Amino acid sequence: MEVQLFKLSKQSDKKLLVDFLNETPSDKIVDTIKAKLNDLHATNDIDTVLLLRSILVGSPVEGGQESLKRRHLLLECIIEWLSIDNTDDIERSKQASSIVNLVLPEIESLPSELLYAAGLKIIEVIKQSKQVHLRLLDIFTKIWNALSAANEITELNDLFDGLINANWNIQSVVGICSAINEMELSDKQLEQCIKYMTKKLYDVDMDGVPPFIYQLLLISRKGHKKKILGGILEYFSQVANGNDDISAEGTTMLHISFAIKQDQDLGNELVKIMKNSKMNQLDIFSIATLLSVARIHRLQDTVLDLLKSSIISAFKDNEKYLQYNWITKYSISDSSKLSSTLLEIADKSASGWDQVIQSLTQLSFVLIDTVSSQGSFFASNSIRSRTSGEVSNANSNVANLAIAILARLFKYHDIVRSEILEQITSRIVTRSSSASDFIKLLEIIIREHPHTVEKYLNMLKDTLDLLSFLPLTTAERLLNAIRPISKSNQQFRDGLILVLRKSLFEK
């Protein structure tokens, strides 16, 4: 039969082809279609796509019920063929793409009742919880949108209920999510889909989470941004807690940053969520995501201000709580949680979270400068450490946290070492109120990483040239900070002695 079909399709008079198909029993046409779909090597020199096109040409839309019935039979045969799990077969996948590309433009020509029947057939495949061929989902999307254009509300509701109540195969979740993104959904349907998909996140293997979230972020353009972002943040706060999750978390942050670059409202929604949720402000993934987003210029100041105010507020609240010892017996302060969270983010930046490095560095600079400019606002409540003799209050504790973060970033990342040392020397030379904190940072860096610092000695030498112009206490602390290098590096020590002699003669 296929040879006869192919010959008739080549003739200019298509009526002969139409008449031939009208006279051929439907079951014989179905058998021919099914056999040809499984023919991956063009038996009889007849390509499968060409044969299927012949059936479509011989079944014109204006040809009445018989033609429409054949078109529907062809579509159902293709759906059934795609339902067979042979996704690893390269030849079969190529043939599937060619066939689906052929029939997609023809789907809209079918009446609503036939489209509905074909849609139900695909829903039954999804309900079987087996992996669904991606091109089958393309057909479903086309059917859905055709029914939506025809305003077939009842049929759409039935299909939607079947889709949302099915137990999606884990391997097909991303594909179904992508298909939903292409479907014309009502606001209520979209909300139900998002609720279902955020729950489905917990069933997906960690490797599959980033691509799934990428599809969720694409869907966020349609609405319900808060639900999507909230679901993502909640998922990582509950599930991701091992070293194996670092890569997935990092990739997800990149997806969120990319989505926010494309959608300004999504970025604003993320900031709102973080402002209104104290738990998110203490969560590692949530804060790291904010730091990643802070690389976007239009959000940088907003994000850094939010994090700065949250951190300083937590430390000031903690200082008040310390006045009431009974509170500390029953709860860990937010400042302690924040400190461990930020330090852990600094550690994870060395394990794949490169996108947080720059923002975390900038945040630390901002924290030190802010608390030092506030002076002794909490001086009356200051406590002097018995061991170090240093004043301990909210501001000094914030500065110490920022110093610890910068010290770790200096240890892990060559990319920020020069910037950190530049900021240190800049604060010293300009007699900034934060100079003492930056000298403390310099002291830690030199003590813990003396060999690393030697690469940047020229920056320190330039600062030493201005030693005589610095306040006495600043100069003394600076000399104490660089003492380990002056002991180990003779050239640096000789330069320092020369500077001190010049300063002495100038006096």
# chains A, B, ... in the order shown; residues from 1 in each chain; ligands from 1
$ residues_around --residues "Gln4 (chain A)" --least-positions-apart "5" --cutoff "10 Å" --atoms "only C-alpha atoms" --output "list of chain:residue names"
A:Ser9, A:Leu17, A:Phe20
$ residues_around --residues "region 37-41 of chain A" --least-positions-apart "3" --cutoff "9 Å" --atoms "only C-alpha atoms" --output "PyMOL selection string"
chain A and resi 32-34+45-49+52+77-78+81+91-92+95-96+99
$ residues_around --residues "region 401-412 of chain A" --least-positions-apart "5" --cutoff "7 Å" --atoms "only C-alpha atoms" --output "VMD selection string"
chain A and resid 339 343 346 350 361 364 367 to 368 417 441 445
$ write_last_selection --atoms "C-alpha atoms" --output "PDB file, in the first residue's frame"
ATOM      1  CA  SER A 339      28.149  35.063  61.739  1.00  0.00           C
ATOM      2  CA  LEU A 343      31.650  32.565  57.348  1.00  0.00           C
ATOM      3  CA  ALA A 346      33.020  32.496  52.551  1.00  0.00           C
ATOM      4  CA  ALA A 350      36.224  28.257  47.568  1.00  0.00           C
ATOM      5  CA  THR A 361      34.033  41.347  49.716  1.00  0.00           C
ATOM      6  CA  SER A 364      32.585  43.324  54.371  1.00  0.00           C
ATOM      7  CA  LEU A 367      30.248  46.799  57.291  1.00  0.00           C
ATOM      8  CA  ILE A 368      33.634  47.929  58.600  1.00  0.00           C
ATOM      9  CA  ARG A 417      43.807  39.882  47.333  1.00  0.00           C
ATOM     10  CA  LEU A 441      42.895  42.808  59.121  1.00  0.00           C
ATOM     11  CA  ILE A 445      46.697  38.451  56.830  1.00  0.00           C
TER      12      ILE A 445
END
$ atom_distance --atom1 "CA of Val204 (chain A)" --atom2 "CA of Ile170 (chain A)"
6.1 Å
$ select_by_dssp --residues "region 322-463 of chain A" --states "strand (DSSP E)" --output "list in words"
Ile383, Arg384, Val391 and Ser392 of chain A
$ write_last_selection --atoms "C-alpha atoms" --output "JSON list (two decimals), in the first residue's frame"
[["chain", "number", "residue", "atom", "x", "y", "z"],
["A", 383, "ILE", "CA", 32.61, 45.36, 77.56],
["A", 384, "ARG", "CA", 36.36, 45.16, 77.57],
["A", 391, "VAL", "CA", 36.34, 46.94, 73.63],
["A", 392, "SER", "CA", 33.53, 44.51, 72.80]]
$ residues_around --residues "Lys195 (chain A)" --least-positions-apart "2" --cutoff "12 Å" --atoms "only C-alpha atoms" --output "list in words"
Ile164, Lys188, Gln189, Leu190, Glu191, Gln192, Cys193, Met197, Thr198, Lys199, Lys200, Leu201, Leu216, His224, Lys225, Lys226, Lys227, Ile228, Leu229, Gly230, Gly231 and Ile232 of chain A
$ write_last_selection --atoms "C-alpha atoms" --output "PDB file, in the first residue's frame"
ATOM      1  CA  ILE A 164      -2.040  18.048  37.561  1.00  0.00           C
ATOM      2  CA  LYS A 188      -5.795  29.839  38.746  1.00  0.00           C
ATOM      3  CA  GLN A 189      -4.346  27.020  36.630  1.00  0.00           C
ATOM      4  CA  LEU A 190      -0.916  28.653  36.684  1.00  0.00           C
ATOM      5  CA  GLU A 191      -1.048  28.918  40.477  1.00  0.00           C
ATOM      6  CA  GLN A 192      -1.982  25.223  40.780  1.00  0.00           C
ATOM      7  CA  CYS A 193       0.870  24.238  38.458  1.00  0.00           C
ATOM      8  CA  MET A 197       5.912  21.845  40.755  1.00  0.00           C
ATOM      9  CA  THR A 198       7.434  23.370  43.894  1.00  0.00           C
ATOM     10  CA  LYS A 199       6.277  20.257  45.784  1.00  0.00           C
ATOM     11  CA  LYS A 200       7.724  18.072  43.041  1.00  0.00           C
ATOM     12  CA  LEU A 201      11.132  19.660  43.671  1.00  0.00           C
ATOM     13  CA  LEU A 216      10.250  27.422  37.034  1.00  0.00           C
ATOM     14  CA  HIS A 224       3.261  34.296  40.896  1.00  0.00           C
ATOM     15  CA  LYS A 225       6.925  35.267  41.237  1.00  0.00           C
ATOM     16  CA  LYS A 226       6.679  35.293  45.026  1.00  0.00           C
ATOM     17  CA  LYS A 227       5.410  31.688  45.160  1.00  0.00           C
ATOM     18  CA  ILE A 228       8.167  30.472  42.843  1.00  0.00           C
ATOM     19  CA  LEU A 229      11.025  32.252  44.615  1.00  0.00           C
ATOM     20  CA  GLY A 230       9.618  31.360  48.027  1.00  0.00           C
ATOM     21  CA  GLY A 231       9.336  27.708  47.017  1.00  0.00           C
ATOM     22  CA  ILE A 232      12.924  27.629  45.759  1.00  0.00           C
TER      23      ILE A 232
END
$ select_by_dssp --residues "region 154-256 of chain A" --states "helix (DSSP H, G or I)" --output "MDAnalysis selection string"
chainID A and resid 154:165 170:182 187:203 206:222 225:238 243:256
$ closest_residue --among "A:Tyr235, A:Leu185, A:Lys337, A:Lys94" --to "Lys278 (chain A)" --atoms "only C-alpha atoms"
A:Lys337
$ residues_around --residues "Ala117 (chain A)" --least-positions-apart "3" --cutoff "12 Å" --atoms "only C-alpha atoms" --output "JSON, numbers by chain"
{"A": [69, 72, 73, 75, 76, 79, 110, 111, 112, 113, 114, 120, 121, 122, 123, 124, 140, 143, 144, 147, 155, 156, 158, 159]}
$ residues_around --residues "Lys440 (chain A)" --least-positions-apart "5" --cutoff "10 Å" --atoms "only C-alpha atoms" --output "ChimeraX atom specification"
/A:400,403,424,435,445,477-478,480-481
$ atom_distance --atom1 "CA of Leu304 (chain A)" --atom2 "CA of Asp347 (chain A)"
19.6 Å
$ closest_residue --among "A:Val416, A:Ile194, A:Ile126, A:Ile139" --to "Gly162 (chain A)" --atoms "only C-alpha atoms"
A:Ile126
$ atom_distance --atom1 "CA of Asp187 (chain A)" --atom2 "CA of Phe258 (chain A)"
24.6 Å
$ closest_residue --among "A:Gly250, A:Leu338, A:Leu360, A:Glu182" --to "Ala294 (chain A)" --atoms "only C-alpha atoms"
A:Leu360
$ closest_residue --among "A:Asn151, A:Ser503, A:Gln355, A:Ser292" --to "Ile260 (chain A)" --atoms "only C-alpha atoms"
A:Ser292
$ closest_residue --among "A:Glu419, A:Asp161, A:Asp207, A:Asp437" --to "Gln358 (chain A)" --atoms "only C-alpha atoms"
A:Glu419
$ decode --residues "region 46-77 of chain A" --atoms "C-alpha atoms" --output "mmCIF file, in the first residue's frame"
data_model
loop_
_atom_site.group_PDB
_atom_site.id
_atom_site.type_symbol
_atom_site.label_atom_id
_atom_site.label_comp_id
_atom_site.auth_asym_id
_atom_site.auth_seq_id
_atom_site.Cartn_x
_atom_site.Cartn_y
_atom_site.Cartn_z
ATOM 1 C CA ILE A 46 10.066 5.592 0.680
ATOM 2 C CA ASP A 47 10.874 7.936 3.551
ATOM 3 C CA THR A 48 8.487 7.757 6.508
ATOM 4 C CA VAL A 49 7.873 11.504 6.575
ATOM 5 C CA LEU A 50 7.049 11.529 2.853
ATOM 6 C CA LEU A 51 4.511 8.743 3.296
ATOM 7 C CA LEU A 52 2.837 10.497 6.225
ATOM 8 C CA ARG A 53 2.743 13.712 4.225
ATOM 9 C CA SER A 54 0.999 11.771 1.444
ATOM 10 C CA ILE A 55 -1.743 10.761 3.884
ATOM 11 C CA LEU A 56 -2.164 14.367 5.007
ATOM 12 C CA VAL A 57 -2.314 15.601 1.412
ATOM 13 C CA GLY A 58 -4.871 12.893 0.631
ATOM 14 C CA SER A 59 -6.928 13.965 3.643
ATOM 15 C CA PRO A 60 -7.696 17.643 2.964
ATOM 16 C CA VAL A 61 -9.404 19.613 5.737
ATOM 17 C CA GLU A 62 -12.256 20.472 3.403
ATOM 18 C CA GLY A 63 -12.654 16.786 2.479
ATOM 19 C CA GLY A 64 -15.310 16.080 5.098
ATOM 20 C CA GLN A 65 -15.499 13.686 8.038
ATOM 21 C CA GLU A 66 -13.519 10.892 6.355
ATOM 22 C CA SER A 67 -10.508 13.162 5.824
ATOM 23 C CA LEU A 68 -10.655 14.552 9.366
ATOM 24 C CA LYS A 69 -10.962 11.039 10.763
ATOM 25 C CA ARG A 70 -7.805 9.958 8.872
ATOM 26 C CA ARG A 71 -5.919 12.977 10.190
ATOM 27 C CA HIS A 72 -6.998 12.052 13.703
ATOM 28 C CA LEU A 73 -5.978 8.421 13.204
ATOM 29 C CA LEU A 74 -2.571 9.565 11.969
ATOM 30 C CA LEU A 75 -2.127 11.778 15.040
ATOM 31 C CA GLU A 76 -3.164 8.978 17.409
ATOM 32 C CA CYS A 77 -0.756 6.538 15.748
#
